[in-house]
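Listing of structure_5.tsv; format and content: TSV, C-alpha atoms.
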```
chain	number	residue	atom	x	y	z
A	5	MET	CA	-5.00	11.88	4.68
A	6	GLN	CA	-2.91	10.80	7.66
A	7	ILE	CA	0.02	8.38	7.67
A	8	SER	CA	1.49	6.63	10.69
A	9	GLU	CA	4.05	3.86	10.92
A	10	ARG	CA	4.76	1.10	13.40
A	11	ILE	CA	6.88	-2.05	13.30
A	12	GLU	CA	5.26	-5.48	13.65
A	13	GLN	CA	7.37	-8.66	13.39
A	14	ASP	CA	10.26	-6.60	11.96
A	15	ILE	CA	8.02	-5.31	9.14
A	16	PRO	CA	7.03	-1.64	8.77
A	17	VAL	CA	3.23	-1.34	8.94
A	18	VAL	CA	1.97	1.93	7.50
A	19	SER	CA	-1.55	2.94	8.52
A	20	ILE	CA	-3.27	5.31	6.13
A	21	THR	CA	-6.42	7.19	7.10
A	22	GLY	CA	-8.64	9.24	4.79
A	23	ASP	CA	-8.77	9.62	1.02
A	24	ILE	CA	-5.86	8.90	-1.32
A	25	ASP	CA	-6.58	11.30	-4.15
A	26	LEU	CA	-4.97	13.91	-6.38
A	27	GLU	CA	-4.52	16.24	-3.41
A	28	SER	CA	-3.06	13.70	-0.96
A	29	SER	CA	-1.17	11.26	-3.19
A	30	PRO	CA	1.96	13.51	-3.32
A	31	LYS	CA	2.14	13.14	0.49
A	32	LEU	CA	1.99	9.35	0.15
A	33	ARG	CA	4.58	9.44	-2.64
A	34	GLY	CA	6.85	11.54	-0.41
A	35	PHE	CA	6.47	8.96	2.35
A	36	LEU	CA	7.11	5.93	0.11
A	37	LYS	CA	10.05	7.35	-1.89
A	38	PRO	CA	12.58	7.09	0.99
A	39	LYS	CA	11.36	3.52	1.63
A	40	SER	CA	12.24	2.44	-1.90
A	41	SER	CA	15.51	4.42	-1.82
A	42	ALA	CA	16.47	2.63	1.42
A	43	LYS	CA	15.57	-0.69	-0.22
A	44	THR	CA	13.04	-1.57	2.46
A	45	PRO	CA	12.64	-5.34	1.89
A	46	ARG	CA	9.00	-5.62	3.04
A	47	LEU	CA	6.27	-3.05	3.56
A	48	LEU	CA	2.67	-3.45	4.65
A	49	LEU	CA	0.09	-0.75	3.96
A	50	ASP	CA	-2.89	-0.92	6.32
A	51	PHE	CA	-5.85	0.45	4.36
A	52	SER	CA	-8.42	-0.02	7.16
A	53	GLY	CA	-8.81	3.78	7.42
A	54	VAL	CA	-8.84	4.50	3.67
A	55	THR	CA	-12.27	5.55	2.45
A	56	TYR	CA	-11.43	6.38	-1.17
A	57	ILE	CA	-8.62	6.01	-3.70
A	58	ASP	CA	-8.45	7.51	-7.19
A	59	SER	CA	-6.16	6.98	-10.17
A	60	SER	CA	-3.43	9.24	-8.78
A	61	GLY	CA	-3.37	7.15	-5.61
A	62	LEU	CA	-3.16	3.96	-7.65
A	63	ALA	CA	-0.35	5.48	-9.73
A	64	THR	CA	1.58	6.27	-6.54
A	65	LEU	CA	1.29	2.64	-5.38
A	66	ILE	CA	2.30	1.35	-8.82
A	67	GLU	CA	5.38	3.62	-8.79
A	68	TYR	CA	6.45	2.19	-5.43
A	69	PHE	CA	5.75	-1.36	-6.56
A	70	GLN	CA	7.88	-0.88	-9.68
A	71	ALA	CA	10.68	0.77	-7.70
A	72	VAL	CA	11.03	-2.17	-5.29
A	73	GLN	CA	10.96	-4.83	-8.02
A	74	GLY	CA	14.60	-4.07	-8.81
A	75	PHE	CA	15.79	-5.31	-5.43
A	76	GLY	CA	13.07	-7.91	-4.77
A	77	GLY	CA	11.09	-5.79	-2.32
A	78	LYS	CA	7.64	-6.94	-1.26
A	79	LEU	CA	4.52	-4.85	-0.75
A	80	ALA	CA	1.27	-6.02	0.82
A	81	LEU	CA	-2.01	-4.16	1.30
A	82	ALA	CA	-4.38	-5.11	4.10
A	83	SER	CA	-7.92	-4.35	5.26
A	84	LEU	CA	-9.29	-2.70	2.14
A	85	SER	CA	-12.93	-1.66	2.38
A	86	PRO	CA	-15.22	-3.19	-0.26
A	87	ARG	CA	-15.38	0.19	-2.03
A	88	VAL	CA	-11.58	0.58	-2.18
A	89	LYS	CA	-11.02	-3.07	-3.09
A	90	ASN	CA	-13.50	-2.66	-5.93
A	91	VAL	CA	-11.34	0.11	-7.43
A	92	PHE	CA	-8.36	-2.29	-7.51
A	93	GLU	CA	-10.53	-4.99	-9.09
A	94	ILE	CA	-11.99	-2.71	-11.78
A	95	VAL	CA	-8.51	-1.96	-13.11
A	96	ARG	CA	-7.32	-5.52	-12.39
A	97	LEU	CA	-4.63	-4.42	-9.95
A	98	GLU	CA	-5.61	-7.21	-7.54
A	99	GLN	CA	-3.62	-9.41	-9.93
A	100	ILE	CA	-0.48	-7.36	-9.28
A	101	PHE	CA	-0.81	-6.24	-5.68
A	102	SER	CA	-0.88	-8.59	-2.73
A	103	LEU	CA	-4.29	-7.81	-1.13
A	104	HIS	CA	-5.17	-9.30	2.25
A	105	PRO	CA	-8.28	-9.20	4.46
A	106	ASP	CA	-6.36	-8.10	7.59
A	107	VAL	CA	-2.94	-7.14	8.93
A	108	PRO	CA	-2.04	-10.54	10.47
A	109	THR	CA	-2.73	-12.32	7.16
A	110	ALA	CA	-0.65	-9.75	5.27
A	111	LEU	CA	2.23	-10.07	7.76
A	112	ALA	CA	2.21	-13.85	7.33
A	113	ALA	CA	2.30	-13.48	3.54
A	114	LEU	CA	5.22	-11.04	3.70
A	115	LYS	CA	7.18	-13.43	5.94
A	116	ALA	CA	6.61	-16.40	3.62
```
Represent the structure of the file as structure tokens.
Amino acid sequence: MQISERIEQDIPVVSITGDIDLESSPKLRGFLKPKSSAKTPRLLLDFSGVTYIDSSGLATLIEYFQAVQGFGGKLALASLSPRVKNVFEIVRLEQIFSLHPDVPTALAALKA
């Protein structure tokens, strides 16, 4: 898994490439932890390069989501493949997470 970050419209956009699984989720957790500690108000995760996510990956995202609730932080996920989106839907996490078809739509939602 690879993680890169850029800023678009004053919002950090984090591009993730590869699988988010038991082996790689600690790397994602290590990346997200300083974001929640710094009280990053809005964060967009670009999933266009994610091919697979397992329960440990979902748990990492849930941890971040819960951590930012205390200060009103927002998290959006964009460009999920049908396979990855299906994983969120199976466990009904699409009701919790803000899922968007592409980065521009997610940016607009975070700015609203």
Practice item. Could you give me, as a PyMOL selection string, the residues within 12 Å of region 41-43 of chain A, counting all atoms listed in the file and dropping anything in the same chain fewer than 3 positions from it? Key: chain A and resi 34-38+46-47+68-69+71-79
Point to revise | Nearest to His104 (chain A), chosen from A:Leu84, A:Met5, A:Val17, A:Val54, with only C-alpha atoms counted in the distances | key: A:Leu84
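The nearest approach to Ser40 (chain A) among the residues A:Gln70, A:Ser102, A:Val107, A:Lys89, with only C-alpha atoms taken into account, belongs to A:Gln70.
Distances here use all atoms listed in the file; by that measure, the residue among A:Gln99, A:Ser29, A:Thr109, A:Thr44 closest to Ile15 (chain A) is A:Thr44.
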Study note, to complete from the structure: Of A:Ile57, A:Asp14, A:Ser8, A:Ile66, the one sitting nearest Arg33 (chain A) when using all atoms listed in the file is A:Ile66
Practice item. Figure out the distance between CA of Ala82 (chain A) and CA of Gly53 (chain A), please, to one decimal in Å. Key: 10.5 Å
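Counting from CA of Pro105 (chain A), the distance to CA of Ser83 (chain A) is 4.9 Å.
Using all atoms listed in the file, the shortest contact distance between Asp23 (chain A) and any of A:Lys115, A:Lys39, A:Arg96, A:Arg87 is found at A:Arg87.
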Draw an axis-aligned box over all listed atoms of region 58-72 of chain A, pad each side with 4 Å, and write its centre and edge lengths in Å, one decimal, as AutoDock Vina command-line options.
```
--center_x 1.3 --center_y 3.5 --center_z -7.7 --size_x 27.5 --size_y 19.4 --size_z 12.9
```
Distance query Ser60 (chain A) at most 10 Å, only C-alpha atoms, self and fewer than 6 positions along chain excluded, as a JSON list (two decimals) with C-alpha atoms, in the frame of the given file:
```json
[["chain", "number", "residue", "atom", "x", "y", "z"],
["A", 24, "ILE", "CA", -5.86, 8.90, -1.32],
["A", 25, "ASP", "CA", -6.58, 11.30, -4.15],
["A", 26, "LEU", "CA", -4.97, 13.91, -6.38],
["A", 27, "GLU", "CA", -4.52, 16.24, -3.41],
["A", 28, "SER", "CA", -3.06, 13.70, -0.96],
["A", 29, "SER", "CA", -1.17, 11.26, -3.19],
["A", 30, "PRO", "CA", 1.96, 13.51, -3.32],
["A", 66, "ILE", "CA", 2.30, 1.35, -8.82]]
```
Point to revise | CA of Gly22 (chain A) to CA of Gln6 (chain A), straight-line distance in Å | key: 6.6 Å
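Checking A:Asp50, A:Lys31, A:Ala113, A:Ile100 one by one against Glu9 (chain A), counting only C-alpha atoms, you find the shortest gap at A:Asp50.
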